[in-house]
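Engineer: I have a structure I would like to understand better, so I am pasting it below and will then ask my questions one at a time.
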Protein chains: 2
Amino acid sequence: MKKEATMQNISLDTLFELSEFFKFFGDTTRIRVIHLLLSGEMSVSAIAEKLNLEQSVVSHQLRILRTANLVKPTRDGRKIYYALDDEHIGEIFNTGLAHIMHKKKG
Amino acid sequence: MKKEATMQNISLDTLFELSEFFKFFGDTTRIRVIHLLLSGEMSVSAIAEKLNLEQSVVSHQLRILRTANLVKPTRDGRKIYYALDDEHIGEIFNTGLAHIMHKKKG
DNA sequence: TGTATATATGAATTGTTGTTCATGTATTAA
DNA sequence: TTAATACATGAACAACAATTCATATATACA
């Protein structure tokens with residue numbers, strides 16, 4: 001079950017991208033949005049209401065996630081529904097969560 | 001192979017901790033240090049030399065990682081060797097890396 | 001002791017990021 | 001075409017985080 005700690009040579013560029021990628025998960029507002037969207041798509045106003053955040057806060061953060069292709073918008077009338085646009089997001093979220101939970105136990 | 005996108009109820013506190021945790025991976029210097037330590041422990045000066053960073057930059061970032069219990073120091077004479085102090089770190093690193101690599105392919 | 005080496009740390013500076021507030025655009029319906 | 005609703009966005013501000021520089025501490029050795 002335990003993987004070997006072998007190490008590939010990873011370019012500086014890739015390591016930079018990797019850190020940029022983790023940054024998206026490194027903000028409370030964004031992680032709450034991601035968590036919410038893990039259970040399905042949701043409109044901007046619904047997200048704001050559910051998380052008790054101002055609409056513009058949600059829109060700003062959604063733009064960051066959208067630019068990074070982590071979420072994908074779909075318009076339906078006046079509403080825009082956002083959904084997670086990457087299979088890996090849940091995996092990364094859960095891996096981090098497992099770590100936190102494990103630490104909580106002692 | 002594909003997991004269901006089921007969603008637990010996660011407390012605000014836990015989501016905050018989770019975002020704080022991901023922050024450690026969201027900085028180029030730290031991710032480079034983590035990457036380096038994935039292949040084994042290393043002294044501060046060796047890390048600085050290998051990454052072409054000033055000693056104080058490395059020390060400052062190591063302190064952050066140490067405070068979060070992500071790395072563990074061991075003194076040997078004048079040198080202090082740092083090693084990763086958490087089984088999950090490699091897993092999280094690799095999960096993120098898989099995402100980056102997957103995106104690169106198109 | 002005194003000097004050199006290895007690392008840590010505090011303070012100042014700089015750069016980055018998130019939020020707020022005001023306003024702009026798109027869509028719907030009267 | 002006007003009003004209302006839903007969302008996006010730019011600019012200003014505030015908070016935070018990383019680096020730099022100077023200096024402090026700890027160890028080893030002459």
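Letters A, B, ... mark the chains of the structure tokens in the order given; residue numbers begin at 1 per chain; ligand numbers begin at 1, in order shown.
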Counting only C-alpha atoms (C1' of nucleotides), collect the residues of chain C whose closest atom lies at most 8 Å from chain B, and write them out as an MDAnalysis selection string.
Structural biologist: chainID C and resid 5:8
Engineer: Store the residues picked out above, limited to C-alpha atoms (C1' of nucleotides), as a short mmCIF file (atom, residue, chain, number, x, y, z; two decimals), in the first residue's frame.
Structural biologist:
```cif
data_model
loop_
_atom_site.label_atom_id
_atom_site.label_comp_id
_atom_site.auth_asym_id
_atom_site.auth_seq_id
_atom_site.Cartn_x
_atom_site.Cartn_y
_atom_site.Cartn_z
"C1'" DT C 5 30.60 27.73 10.22
"C1'" DA C 6 25.60 26.64 10.22
"C1'" DT C 7 21.26 28.12 11.11
"C1'" DA C 8 17.57 31.22 13.06
#
```
Engineer: Counting only C-alpha atoms (C1' of nucleotides), which residues in chain D sit no more than 9 Å from chain B? For each one, give the nearest pair of atoms and the distance in Å, sorted by chain then residue number, as CSV.
Structural biologist:
```
residue,atom,partner,partner_atom,distance
D:DA18,C1',B:Val57,CA,8.5
D:DT19,C1',B:Val57,CA,6.8
D:DT20,C1',B:Val57,CA,8.8
D:DA26,C1',B:Arg78,CA,7.7
D:DT27,C1',B:Arg78,CA,5.2
D:DA28,C1',B:Arg78,CA,7.3
```
Engineer: Can you write out the residues you just picked, keeping C-alpha atoms (C1' of nucleotides), as a PDB file, in the first residue's frame?
Structural biologist:
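Everything below was put into selection-v6.pdb:
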```
ATOM      1  C1'  DA D  18       7.740  36.698   1.033  1.00  0.00           C
ATOM      2  C1'  DT D  19      12.285  38.508   0.647  1.00  0.00           C
ATOM      3  C1'  DT D  20      16.201  41.244   2.146  1.00  0.00           C
ATOM      4  C1'  DA D  26      24.666  27.419  18.627  1.00  0.00           C
ATOM      5  C1'  DT D  27      28.301  24.264  17.625  1.00  0.00           C
ATOM      6  C1'  DA D  28      32.999  22.859  16.487  1.00  0.00           C
TER       7       DA D  28
END
```
Engineer: As a list in words, please: all residues of chain B that backbone DSSP puts in strand (DSSP E or B).
Structural biologist: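 Result set for chain B (strand (DSSP E or B)): Met42, Ser43, Val71, Lys72, Pro73, Thr74, Arg75, Asp76, Lys79, Ile80, Tyr81, Tyr82, Ala83 and Leu84 of chain B.
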Engineer: Restricted to C-alpha atoms, what would the selected residues look like written as an mmCIF file, in the first residue's frame?
Structural biologist:
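Produced file result04.cif, reproduced below:
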```cif
data_model
loop_
_atom_site.group_PDB
_atom_site.id
_atom_site.type_symbol
_atom_site.label_atom_id
_atom_site.label_comp_id
_atom_site.auth_asym_id
_atom_site.auth_seq_id
_atom_site.Cartn_x
_atom_site.Cartn_y
_atom_site.Cartn_z
ATOM 1 C CA MET B 42 18.840 17.503 3.570
ATOM 2 C CA SER B 43 20.648 20.237 5.488
ATOM 3 C CA VAL B 71 9.049 19.009 8.179
ATOM 4 C CA LYS B 72 11.143 17.828 11.092
ATOM 5 C CA PRO B 73 14.663 19.003 11.943
ATOM 6 C CA THR B 74 17.466 16.819 13.262
ATOM 7 C CA ARG B 75 20.701 18.374 14.378
ATOM 8 C CA ASP B 76 24.013 16.733 13.560
ATOM 9 C CA LYS B 79 24.160 21.115 10.505
ATOM 10 C CA ILE B 80 20.458 20.663 10.801
ATOM 11 C CA TYR B 81 18.852 18.128 8.528
ATOM 12 C CA TYR B 82 15.252 18.580 7.533
ATOM 13 C CA ALA B 83 12.982 15.747 6.521
ATOM 14 C CA LEU B 84 9.323 15.564 5.572
#
```
Engineer: Work out how far CA of Ser39 in chain B is from CA of Lys105 in chain B, in Å to one decimal.
Structural biologist: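 These two atoms are separated by 25.9 Å.
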Engineer: Quick one: distance from CA of Lys103 in chain B to CA of Glu91 in chain B in Å, one decimal?
Structural biologist: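 It comes out at 18.6 Å.
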Engineer: Which residues of chain A are close to chain B, meaning at most 6 Å apart when you count only C-alpha atoms, and how do they look as a list in words?
Structural biologist: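 Using only C-alpha atoms, chain A residues at most 6 Å from chain B: Met7, Phe16, Ser19, Glu20, Phe22, Lys23, Phe25, Gly26, Asp27, Thr28 and Ser39 of chain A.
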Engineer: Excluding same-chain residues fewer than 5 positions from DT25 in chain C, what lies within 12 Å of it counting only C-alpha atoms (C1' of nucleotides), as a ChimeraX atom specification?
Structural biologist: /A:78 /D:6-9
Engineer: Out of range 15-49 of chain B, which residues get alpha helix (DSSP H) from DSSP, as a list in words?
Structural biologist: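 Residues of range 15-49 of chain B classed as alpha helix (DSSP H): Leu15, Phe16, Glu17, Leu18, Ser19, Glu20, Phe21, Phe22, Lys23, Thr28, Thr29, Arg30, Ile31, Arg32, Val33, Ile34, His35, Leu36, Leu37, Val44, Ser45, Ala46, Ile47, Ala48 and Glu49 of chain B.
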Engineer: For DC16 in chain D, list every protein, DNA or RNA residue within 12 Å, evaluated using only C-alpha atoms (C1' of nucleotides), and leave out those in the same chain fewer than 5 positions away; present the list as a compact mmCIF listing (two decimals) with N, CA and C atoms (P, O5', C5', C4', C3', O3' and C1' of nucleotides), in the first residue's frame.
Structural biologist:
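And here is the file that came out, out-v8.txt:
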```
# COMPACT_ATOMS: atom_id res chain seq x y z
P DG C 15 8.24 45.53 -5.45
O5' DG C 15 7.32 44.26 -5.34
C5' DG C 15 7.87 43.04 -4.82
C4' DG C 15 6.77 42.01 -4.70
C3' DG C 15 5.70 42.12 -5.78
O3' DG C 15 5.38 40.81 -6.19
C1' DG C 15 4.71 42.38 -3.63
P DT C 16 4.31 40.54 -7.36
O5' DT C 16 3.12 39.90 -6.53
C5' DT C 16 3.44 39.01 -5.45
C4' DT C 16 2.18 38.71 -4.68
C3' DT C 16 0.94 38.54 -5.56
O3' DT C 16 0.39 37.27 -5.25
C1' DT C 16 0.50 40.00 -3.74
P DT C 17 -0.86 36.69 -6.04
O5' DT C 17 -2.04 36.90 -5.00
C5' DT C 17 -1.78 36.67 -3.62
C4' DT C 17 -3.03 37.00 -2.83
C3' DT C 17 -4.32 36.79 -3.60
O3' DT C 17 -5.23 36.17 -2.73
C1' DT C 17 -4.24 38.98 -2.77
P DG C 18 -6.63 35.61 -3.15
O5' DG C 18 -7.59 36.47 -2.22
C5' DG C 18 -7.44 36.40 -0.82
C4' DG C 18 -8.39 37.38 -0.16
C3' DG C 18 -9.83 37.28 -0.67
O3' DG C 18 -10.71 37.29 0.45
C1' DG C 18 -8.98 39.49 -1.01
```
Engineer: Between C1' of DT19 in chain C and CA of Thr67 in chain B, what is the distance in Å, rounded to a tenth?
Structural biologist: 28.3 Å
